[in-house]
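Colleague: Sending over run.txt (compact mmCIF, N, CA and C atoms).
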# COMPACT_ATOMS: atom_id res chain seq x y z
N MET H 14 -39.82 -116.18 12.64
CA MET H 14 -39.26 -115.19 11.77
C MET H 14 -39.38 -113.84 12.45
N VAL H 15 -38.32 -113.06 12.41
CA VAL H 15 -38.30 -111.72 12.97
C VAL H 15 -37.61 -110.81 11.97
N LYS H 16 -38.11 -109.60 11.85
CA LYS H 16 -37.51 -108.65 10.94
C LYS H 16 -36.34 -107.94 11.62
N PHE H 17 -35.23 -107.86 10.93
CA PHE H 17 -34.11 -107.05 11.34
C PHE H 17 -33.84 -106.09 10.21
N MET H 18 -33.49 -104.86 10.53
CA MET H 18 -33.21 -103.92 9.46
C MET H 18 -31.98 -103.09 9.77
N SER H 19 -31.37 -102.65 8.69
CA SER H 19 -30.20 -101.81 8.80
C SER H 19 -30.61 -100.50 9.47
N ALA H 20 -29.78 -99.99 10.33
CA ALA H 20 -30.10 -98.76 11.05
C ALA H 20 -30.01 -97.53 10.16
N LEU H 21 -29.36 -97.63 9.01
CA LEU H 21 -29.23 -96.51 8.09
C LEU H 21 -30.31 -96.59 7.04
N LEU H 22 -31.36 -95.81 7.21
CA LEU H 22 -32.49 -95.84 6.30
C LEU H 22 -32.62 -94.51 5.55
N PRO H 23 -33.04 -94.56 4.30
CA PRO H 23 -33.26 -93.32 3.55
C PRO H 23 -34.54 -92.65 4.01
N GLU H 24 -34.70 -91.38 3.66
CA GLU H 24 -35.95 -90.67 3.91
C GLU H 24 -37.07 -91.41 3.18
N MET H 25 -38.19 -91.57 3.82
CA MET H 25 -39.32 -92.23 3.19
C MET H 25 -40.28 -91.16 2.67
N PRO H 26 -40.84 -91.36 1.47
CA PRO H 26 -41.78 -90.39 0.93
C PRO H 26 -43.07 -90.41 1.72
N LEU H 27 -43.74 -89.25 1.78
CA LEU H 27 -44.97 -89.17 2.54
C LEU H 27 -46.20 -88.96 1.66
N ASP H 28 -46.08 -88.30 0.52
CA ASP H 28 -47.25 -88.05 -0.30
C ASP H 28 -47.34 -89.04 -1.45
N GLY H 29 -48.51 -89.13 -2.05
CA GLY H 29 -48.76 -90.10 -3.11
C GLY H 29 -47.85 -89.94 -4.31
N GLU H 30 -47.60 -88.71 -4.73
CA GLU H 30 -46.74 -88.48 -5.91
C GLU H 30 -45.32 -88.96 -5.64
N ALA H 31 -44.78 -88.62 -4.46
CA ALA H 31 -43.43 -89.06 -4.12
C ALA H 31 -43.38 -90.58 -4.00
N THR H 32 -44.42 -91.16 -3.43
CA THR H 32 -44.46 -92.62 -3.31
C THR H 32 -44.44 -93.27 -4.68
N GLU H 33 -45.19 -92.73 -5.62
CA GLU H 33 -45.21 -93.30 -6.98
C GLU H 33 -43.85 -93.15 -7.65
N ARG H 34 -43.19 -92.01 -7.43
CA ARG H 34 -41.85 -91.80 -7.99
C ARG H 34 -40.87 -92.84 -7.44
N PHE H 35 -40.93 -93.05 -6.13
CA PHE H 35 -40.06 -94.06 -5.52
C PHE H 35 -40.43 -95.45 -5.99
N ALA H 36 -41.72 -95.72 -6.12
CA ALA H 36 -42.16 -97.04 -6.60
C ALA H 36 -41.60 -97.31 -7.99
N ARG H 37 -41.64 -96.31 -8.85
CA ARG H 37 -41.10 -96.46 -10.21
C ARG H 37 -39.60 -96.75 -10.13
N SER H 38 -38.91 -96.04 -9.25
CA SER H 38 -37.47 -96.26 -9.08
C SER H 38 -37.21 -97.67 -8.55
N PHE H 39 -38.04 -98.13 -7.59
CA PHE H 39 -37.89 -99.49 -7.06
C PHE H 39 -37.98 -100.50 -8.19
N ARG H 40 -38.96 -100.31 -9.05
CA ARG H 40 -39.19 -101.28 -10.13
C ARG H 40 -38.08 -101.25 -11.16
N GLU H 41 -37.52 -100.08 -11.44
CA GLU H 41 -36.62 -99.94 -12.58
C GLU H 41 -35.14 -99.82 -12.22
N ASP H 42 -34.80 -99.02 -11.24
CA ASP H 42 -33.40 -98.70 -10.97
C ASP H 42 -32.81 -99.44 -9.78
N TRP H 43 -33.53 -99.47 -8.69
CA TRP H 43 -32.98 -99.98 -7.44
C TRP H 43 -32.47 -101.42 -7.53
N PRO H 44 -33.19 -102.35 -8.18
CA PRO H 44 -32.70 -103.73 -8.23
C PRO H 44 -31.31 -103.87 -8.83
N LYS H 45 -30.94 -102.96 -9.71
CA LYS H 45 -29.62 -103.02 -10.36
C LYS H 45 -28.49 -102.70 -9.37
N MET H 46 -28.82 -102.07 -8.25
CA MET H 46 -27.80 -101.64 -7.30
C MET H 46 -27.67 -102.58 -6.10
N LEU H 47 -28.38 -103.69 -6.12
CA LEU H 47 -28.35 -104.62 -4.99
C LEU H 47 -27.16 -105.57 -5.09
N LYS H 48 -26.76 -106.09 -3.95
CA LYS H 48 -25.60 -106.97 -3.88
C LYS H 48 -26.02 -108.33 -3.31
N ALA H 49 -25.56 -109.39 -3.93
CA ALA H 49 -25.81 -110.75 -3.44
C ALA H 49 -25.12 -110.92 -2.09
N ILE H 50 -25.74 -111.69 -1.20
CA ILE H 50 -25.16 -111.88 0.13
C ILE H 50 -24.72 -113.32 0.36
N GLY H 51 -24.74 -114.13 -0.67
CA GLY H 51 -24.24 -115.50 -0.55
C GLY H 51 -25.17 -116.45 0.18
N GLN H 52 -26.44 -116.12 0.21
CA GLN H 52 -27.45 -117.00 0.81
C GLN H 52 -28.59 -117.11 -0.20
N GLY H 53 -28.58 -118.17 -0.98
CA GLY H 53 -29.60 -118.33 -2.00
C GLY H 53 -29.60 -117.15 -2.95
N SER H 54 -30.78 -116.68 -3.30
CA SER H 54 -30.89 -115.54 -4.21
C SER H 54 -31.08 -114.22 -3.47
N HIS H 55 -30.87 -114.21 -2.16
CA HIS H 55 -31.08 -113.00 -1.36
C HIS H 55 -30.09 -111.91 -1.75
N ARG H 56 -30.61 -110.69 -1.85
CA ARG H 56 -29.79 -109.51 -2.16
C ARG H 56 -30.20 -108.37 -1.24
N LEU H 57 -29.23 -107.47 -1.00
CA LEU H 57 -29.47 -106.29 -0.18
C LEU H 57 -28.74 -105.10 -0.79
N GLU H 58 -29.09 -103.92 -0.31
CA GLU H 58 -28.34 -102.70 -0.66
C GLU H 58 -26.89 -102.95 -0.23
N ALA H 59 -25.93 -102.40 -0.95
CA ALA H 59 -24.52 -102.75 -0.78
C ALA H 59 -24.02 -102.63 0.67
N HIS H 60 -24.29 -101.51 1.34
CA HIS H 60 -23.81 -101.34 2.71
C HIS H 60 -24.48 -102.34 3.66
N ALA H 61 -25.78 -102.52 3.47
CA ALA H 61 -26.50 -103.49 4.29
C ALA H 61 -25.99 -104.90 4.02
N ALA H 62 -25.69 -105.20 2.75
CA ALA H 62 -25.16 -106.52 2.39
C ALA H 62 -23.82 -106.77 3.06
N ASP H 63 -22.92 -105.79 2.99
CA ASP H 63 -21.61 -105.94 3.62
C ASP H 63 -21.75 -106.15 5.13
N ALA H 64 -22.65 -105.40 5.75
CA ALA H 64 -22.86 -105.54 7.20
C ALA H 64 -23.47 -106.90 7.53
N TRP H 65 -24.42 -107.36 6.72
CA TRP H 65 -25.02 -108.68 6.96
C TRP H 65 -23.97 -109.78 6.84
N ILE H 66 -23.15 -109.71 5.80
CA ILE H 66 -22.12 -110.73 5.58
C ILE H 66 -21.14 -110.76 6.75
N ALA H 67 -20.71 -109.58 7.21
CA ALA H 67 -19.79 -109.51 8.36
C ALA H 67 -20.47 -110.08 9.61
N MET H 68 -21.73 -109.76 9.80
CA MET H 68 -22.45 -110.26 10.97
C MET H 68 -22.63 -111.77 10.89
N ARG H 69 -22.95 -112.27 9.70
CA ARG H 69 -23.11 -113.71 9.52
C ARG H 69 -21.82 -114.45 9.86
N GLU H 70 -20.68 -113.89 9.44
CA GLU H 70 -19.38 -114.51 9.74
C GLU H 70 -19.09 -114.49 11.24
N ALA H 71 -19.43 -113.38 11.90
CA ALA H 71 -19.23 -113.29 13.36
C ALA H 71 -20.12 -114.29 14.08
N ALA H 72 -21.35 -114.42 13.62
CA ALA H 72 -22.26 -115.39 14.23
C ALA H 72 -21.72 -116.81 14.05
N LYS H 73 -21.24 -117.09 12.85
CA LYS H 73 -20.67 -118.43 12.57
C LYS H 73 -19.51 -118.73 13.51
N ALA H 74 -18.66 -117.73 13.75
CA ALA H 74 -17.52 -117.91 14.66
C ALA H 74 -17.99 -118.22 16.08
N ASP H 75 -19.20 -117.74 16.41
CA ASP H 75 -19.79 -118.01 17.73
C ASP H 75 -20.67 -119.26 17.72
N GLY H 76 -20.69 -119.99 16.61
CA GLY H 76 -21.47 -121.21 16.53
C GLY H 76 -22.94 -121.01 16.20
N VAL H 77 -23.29 -119.84 15.67
CA VAL H 77 -24.68 -119.53 15.33
C VAL H 77 -24.79 -119.39 13.82
N THR H 78 -25.79 -120.02 13.24
CA THR H 78 -26.02 -119.91 11.80
C THR H 78 -27.19 -118.96 11.56
N LEU H 79 -26.93 -117.89 10.82
CA LEU H 79 -27.99 -116.94 10.48
C LEU H 79 -28.64 -117.36 9.17
N ARG H 80 -29.95 -117.59 9.23
CA ARG H 80 -30.72 -117.97 8.05
C ARG H 80 -31.78 -116.91 7.77
N LEU H 81 -32.07 -116.72 6.49
CA LEU H 81 -33.07 -115.74 6.08
C LEU H 81 -34.29 -116.42 5.49
N THR H 82 -35.43 -115.80 5.69
CA THR H 82 -36.63 -116.23 4.98
C THR H 82 -37.01 -115.20 3.92
N ASP H 83 -36.51 -113.97 4.05
CA ASP H 83 -36.80 -112.93 3.07
C ASP H 83 -35.78 -111.80 3.21
N SER H 84 -35.58 -111.10 2.10
CA SER H 84 -34.68 -109.92 2.09
C SER H 84 -35.30 -108.88 1.17
N TYR H 85 -34.58 -108.45 0.14
CA TYR H 85 -35.11 -107.46 -0.80
C TYR H 85 -36.42 -107.96 -1.40
N ARG H 86 -37.39 -107.05 -1.50
CA ARG H 86 -38.65 -107.36 -2.17
C ARG H 86 -38.86 -106.36 -3.30
N THR H 87 -39.16 -106.88 -4.47
CA THR H 87 -39.52 -106.00 -5.58
C THR H 87 -40.79 -105.24 -5.21
N TYR H 88 -41.07 -104.19 -5.95
CA TYR H 88 -42.30 -103.44 -5.72
C TYR H 88 -43.51 -104.36 -5.86
N ASP H 89 -43.51 -105.19 -6.90
CA ASP H 89 -44.63 -106.10 -7.11
C ASP H 89 -44.77 -107.08 -5.95
N ALA H 90 -43.65 -107.53 -5.39
CA ALA H 90 -43.70 -108.42 -4.22
C ALA H 90 -44.26 -107.68 -3.01
N GLN H 91 -43.92 -106.39 -2.86
CA GLN H 91 -44.46 -105.60 -1.77
C GLN H 91 -45.98 -105.49 -1.88
N VAL H 92 -46.46 -105.27 -3.10
CA VAL H 92 -47.90 -105.20 -3.34
C VAL H 92 -48.55 -106.53 -2.96
N ALA H 93 -47.92 -107.63 -3.35
CA ALA H 93 -48.48 -108.96 -3.04
C ALA H 93 -48.50 -109.22 -1.54
N VAL H 94 -47.43 -108.86 -0.84
CA VAL H 94 -47.39 -109.05 0.62
C VAL H 94 -48.49 -108.24 1.28
N ARG H 95 -48.65 -107.00 0.85
CA ARG H 95 -49.70 -106.14 1.42
C ARG H 95 -51.08 -106.74 1.17
N ARG H 96 -51.30 -107.24 -0.04
CA ARG H 96 -52.59 -107.84 -0.40
C ARG H 96 -52.83 -109.13 0.37
N ASP H 97 -51.80 -109.99 0.44
CA ASP H 97 -51.98 -111.33 1.01
C ASP H 97 -51.85 -111.40 2.52
N LYS H 98 -51.04 -110.52 3.11
CA LYS H 98 -50.77 -110.63 4.55
C LYS H 98 -51.13 -109.39 5.35
N GLY H 99 -51.55 -108.34 4.68
CA GLY H 99 -51.84 -107.07 5.36
C GLY H 99 -52.89 -107.18 6.45
N HIS H 100 -53.77 -108.15 6.34
CA HIS H 100 -54.81 -108.34 7.36
C HIS H 100 -54.27 -109.13 8.56
N LEU H 101 -53.09 -109.75 8.41
CA LEU H 101 -52.51 -110.55 9.48
C LEU H 101 -51.42 -109.83 10.26
N VAL H 102 -50.59 -109.08 9.54
CA VAL H 102 -49.46 -108.39 10.15
C VAL H 102 -49.37 -106.98 9.59
N ALA H 103 -48.67 -106.12 10.30
CA ALA H 103 -48.45 -104.76 9.79
C ALA H 103 -47.54 -104.84 8.56
N THR H 104 -47.97 -104.24 7.48
CA THR H 104 -47.16 -104.21 6.26
C THR H 104 -47.02 -102.77 5.80
N ALA H 105 -45.87 -102.46 5.24
CA ALA H 105 -45.61 -101.10 4.74
C ALA H 105 -46.39 -100.86 3.46
N THR H 106 -46.69 -99.61 3.21
CA THR H 106 -47.27 -99.23 1.93
C THR H 106 -46.24 -99.54 0.85
N PRO H 107 -46.62 -100.26 -0.19
CA PRO H 107 -45.66 -100.55 -1.26
C PRO H 107 -44.99 -99.26 -1.75
N GLY H 108 -43.68 -99.35 -1.92
CA GLY H 108 -42.90 -98.18 -2.30
C GLY H 108 -42.24 -97.50 -1.11
N THR H 109 -42.63 -97.90 0.11
CA THR H 109 -42.01 -97.32 1.31
C THR H 109 -41.37 -98.40 2.18
N SER H 110 -41.44 -99.63 1.77
CA SER H 110 -40.95 -100.76 2.56
C SER H 110 -39.43 -100.78 2.67
N VAL H 111 -38.92 -101.04 3.87
CA VAL H 111 -37.47 -101.19 4.02
C VAL H 111 -36.98 -102.43 3.29
N HIS H 112 -37.87 -103.40 3.07
CA HIS H 112 -37.50 -104.54 2.22
C HIS H 112 -37.26 -104.06 0.79
N GLY H 113 -38.04 -103.11 0.34
CA GLY H 113 -37.88 -102.56 -1.00
C GLY H 113 -36.61 -101.76 -1.17
N TRP H 114 -36.11 -101.22 -0.08
CA TRP H 114 -34.82 -100.52 -0.11
C TRP H 114 -33.66 -101.50 -0.03
N GLY H 115 -33.95 -102.77 0.24
CA GLY H 115 -32.89 -103.75 0.40
C GLY H 115 -32.16 -103.58 1.72
N LYS H 116 -32.86 -103.06 2.72
CA LYS H 116 -32.24 -102.80 4.01
C LYS H 116 -32.93 -103.54 5.15
N ALA H 117 -33.69 -104.59 4.80
CA ALA H 117 -34.35 -105.39 5.83
C ALA H 117 -34.30 -106.85 5.45
N VAL H 118 -34.26 -107.67 6.46
CA VAL H 118 -34.33 -109.12 6.27
C VAL H 118 -35.35 -109.67 7.25
N ASP H 119 -35.93 -110.79 6.89
CA ASP H 119 -36.69 -111.58 7.84
C ASP H 119 -35.79 -112.75 8.19
N ALA H 120 -35.39 -112.81 9.44
CA ALA H 120 -34.45 -113.83 9.89
C ALA H 120 -35.21 -115.00 10.52
N ASP H 121 -34.75 -116.19 10.26
CA ASP H 121 -35.29 -117.38 10.88
C ASP H 121 -34.70 -117.46 12.28
N VAL H 122 -35.55 -117.22 13.27
CA VAL H 122 -35.09 -117.24 14.66
C VAL H 122 -35.80 -118.35 15.44
N SER H 123 -36.08 -119.45 14.75
CA SER H 123 -36.74 -120.57 15.42
C SER H 123 -35.86 -121.15 16.53
N ASP H 124 -34.56 -120.94 16.42
CA ASP H 124 -33.62 -121.34 17.48
C ASP H 124 -33.45 -120.14 18.42
N PRO H 125 -33.83 -120.27 19.68
CA PRO H 125 -33.71 -119.14 20.61
C PRO H 125 -32.29 -118.56 20.70
N ALA H 126 -31.28 -119.40 20.48
CA ALA H 126 -29.89 -118.91 20.53
C ALA H 126 -29.64 -117.92 19.40
N THR H 127 -30.25 -118.16 18.24
CA THR H 127 -30.10 -117.24 17.11
C THR H 127 -30.76 -115.90 17.43
N PHE H 128 -31.96 -115.95 17.96
CA PHE H 128 -32.68 -114.73 18.33
C PHE H 128 -31.87 -113.92 19.35
N ARG H 129 -31.38 -114.61 20.36
CA ARG H 129 -30.59 -113.95 21.40
C ARG H 129 -29.32 -113.34 20.80
N TRP H 130 -28.62 -114.10 19.94
CA TRP H 130 -27.38 -113.61 19.33
C TRP H 130 -27.65 -112.37 18.49
N LEU H 131 -28.70 -112.41 17.68
CA LEU H 131 -29.02 -111.25 16.83
C LEU H 131 -29.36 -110.02 17.67
N ASN H 132 -30.14 -110.19 18.71
CA ASN H 132 -30.50 -109.04 19.54
C ASN H 132 -29.30 -108.47 20.28
N GLU H 133 -28.39 -109.34 20.71
CA GLU H 133 -27.22 -108.87 21.44
C GLU H 133 -26.14 -108.29 20.53
N ASN H 134 -25.99 -108.84 19.34
CA ASN H 134 -24.87 -108.48 18.47
C ASN H 134 -25.25 -107.68 17.23
N GLY H 135 -26.50 -107.77 16.80
CA GLY H 135 -26.93 -107.08 15.59
C GLY H 135 -26.57 -105.59 15.55
N PRO H 136 -26.83 -104.85 16.64
CA PRO H 136 -26.52 -103.41 16.61
C PRO H 136 -25.05 -103.09 16.33
N ARG H 137 -24.15 -103.99 16.73
CA ARG H 137 -22.72 -103.79 16.43
C ARG H 137 -22.47 -103.70 14.93
N PHE H 138 -23.33 -104.35 14.15
CA PHE H 138 -23.18 -104.40 12.71
C PHE H 138 -24.18 -103.50 11.99
N GLY H 139 -24.92 -102.70 12.77
CA GLY H 139 -25.90 -101.80 12.18
C GLY H 139 -27.24 -102.44 11.89
N TRP H 140 -27.51 -103.59 12.50
CA TRP H 140 -28.79 -104.29 12.30
C TRP H 140 -29.56 -104.30 13.60
N VAL H 141 -30.82 -103.89 13.54
CA VAL H 141 -31.66 -103.81 14.72
C VAL H 141 -32.98 -104.53 14.47
N ASN H 142 -33.60 -104.98 15.56
CA ASN H 142 -34.92 -105.58 15.51
C ASN H 142 -35.90 -104.48 15.92
N PRO H 143 -36.66 -103.96 14.93
CA PRO H 143 -37.52 -102.78 15.25
C PRO H 143 -38.62 -103.05 16.22
Represent the structure contained in this file as structure tokens.
Modeller:
Amino acid sequence: MVKFMSALLPEMPLDGEATERFARSFREDWPKMLKAIGQGSHRLEAHAADAWIAMREAAKADGVTLRLTDSYRTYDAQVAVRRDKGHLVATATPGTSVHGWGKAVDADVSDPATFRWLNENGPRFGWVNP
């Protein structure tokens, strides 16, 4: 699994009060603005969703299937990831996660061809591997 994220990211809050304001927005408002991407229950911010769908179709035309293990994460899911995996991998402070903005995916790159295709073609669609 490798994280890919949309290159267009919003300003991230830096202080605790702003983080809490954004966290409240994540919990209440942001989920209503997400768009389904046609892969299970995965959803992304509208522009990121459109770019992912276009990239998935281009990959399919090249014989590559793009699979996801994760996309948008609710605020509560961000808290859980930080609690459960923060000691294993770098995790964003809940409320600042690009997953919470709906602008990041964890892609299944167990097939080296998929990893190579994403790294070579992702930037064309606004998706990068940070």
Colleague: Taking the chain letters and numbering used in this document, name the residues of chain H that DSSP puts in alpha helix (DSSP H), as a ChimeraX atom specification.
Modeller: /H:29-41,59-74,88-98,125-134
Colleague: Mind giving me the straight-line distance from CA of Val77 (chain H) to CA of Thr127 (chain H) in Å, one decimal?
Modeller: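 Computed distance, CA of Val77 (chain H) to CA of Thr127 (chain H), equals 6.1 Å.
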Colleague: Per DSSP on the backbone, filter chain H down to the residues in strand (DSSP E) and report them as number ranges by chain.
Modeller: H: 15-19, 47-49, 56-58, 81-83, 117-120, 140-141
Colleague: Take CA of Ala61 (chain H) and atom N of Val122 (chain H) and report the distance between them in Å, one decimal.
Modeller: 18.7 Å
Colleague: How many Å lie between atom C of Glu33 (chain H) and CA of Gly108 (chain H), rounded to one decimal?
Modeller: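 According to the coordinates, atom C of Glu33 (chain H) and CA of Gly108 (chain H) are separated by 7.4 Å.
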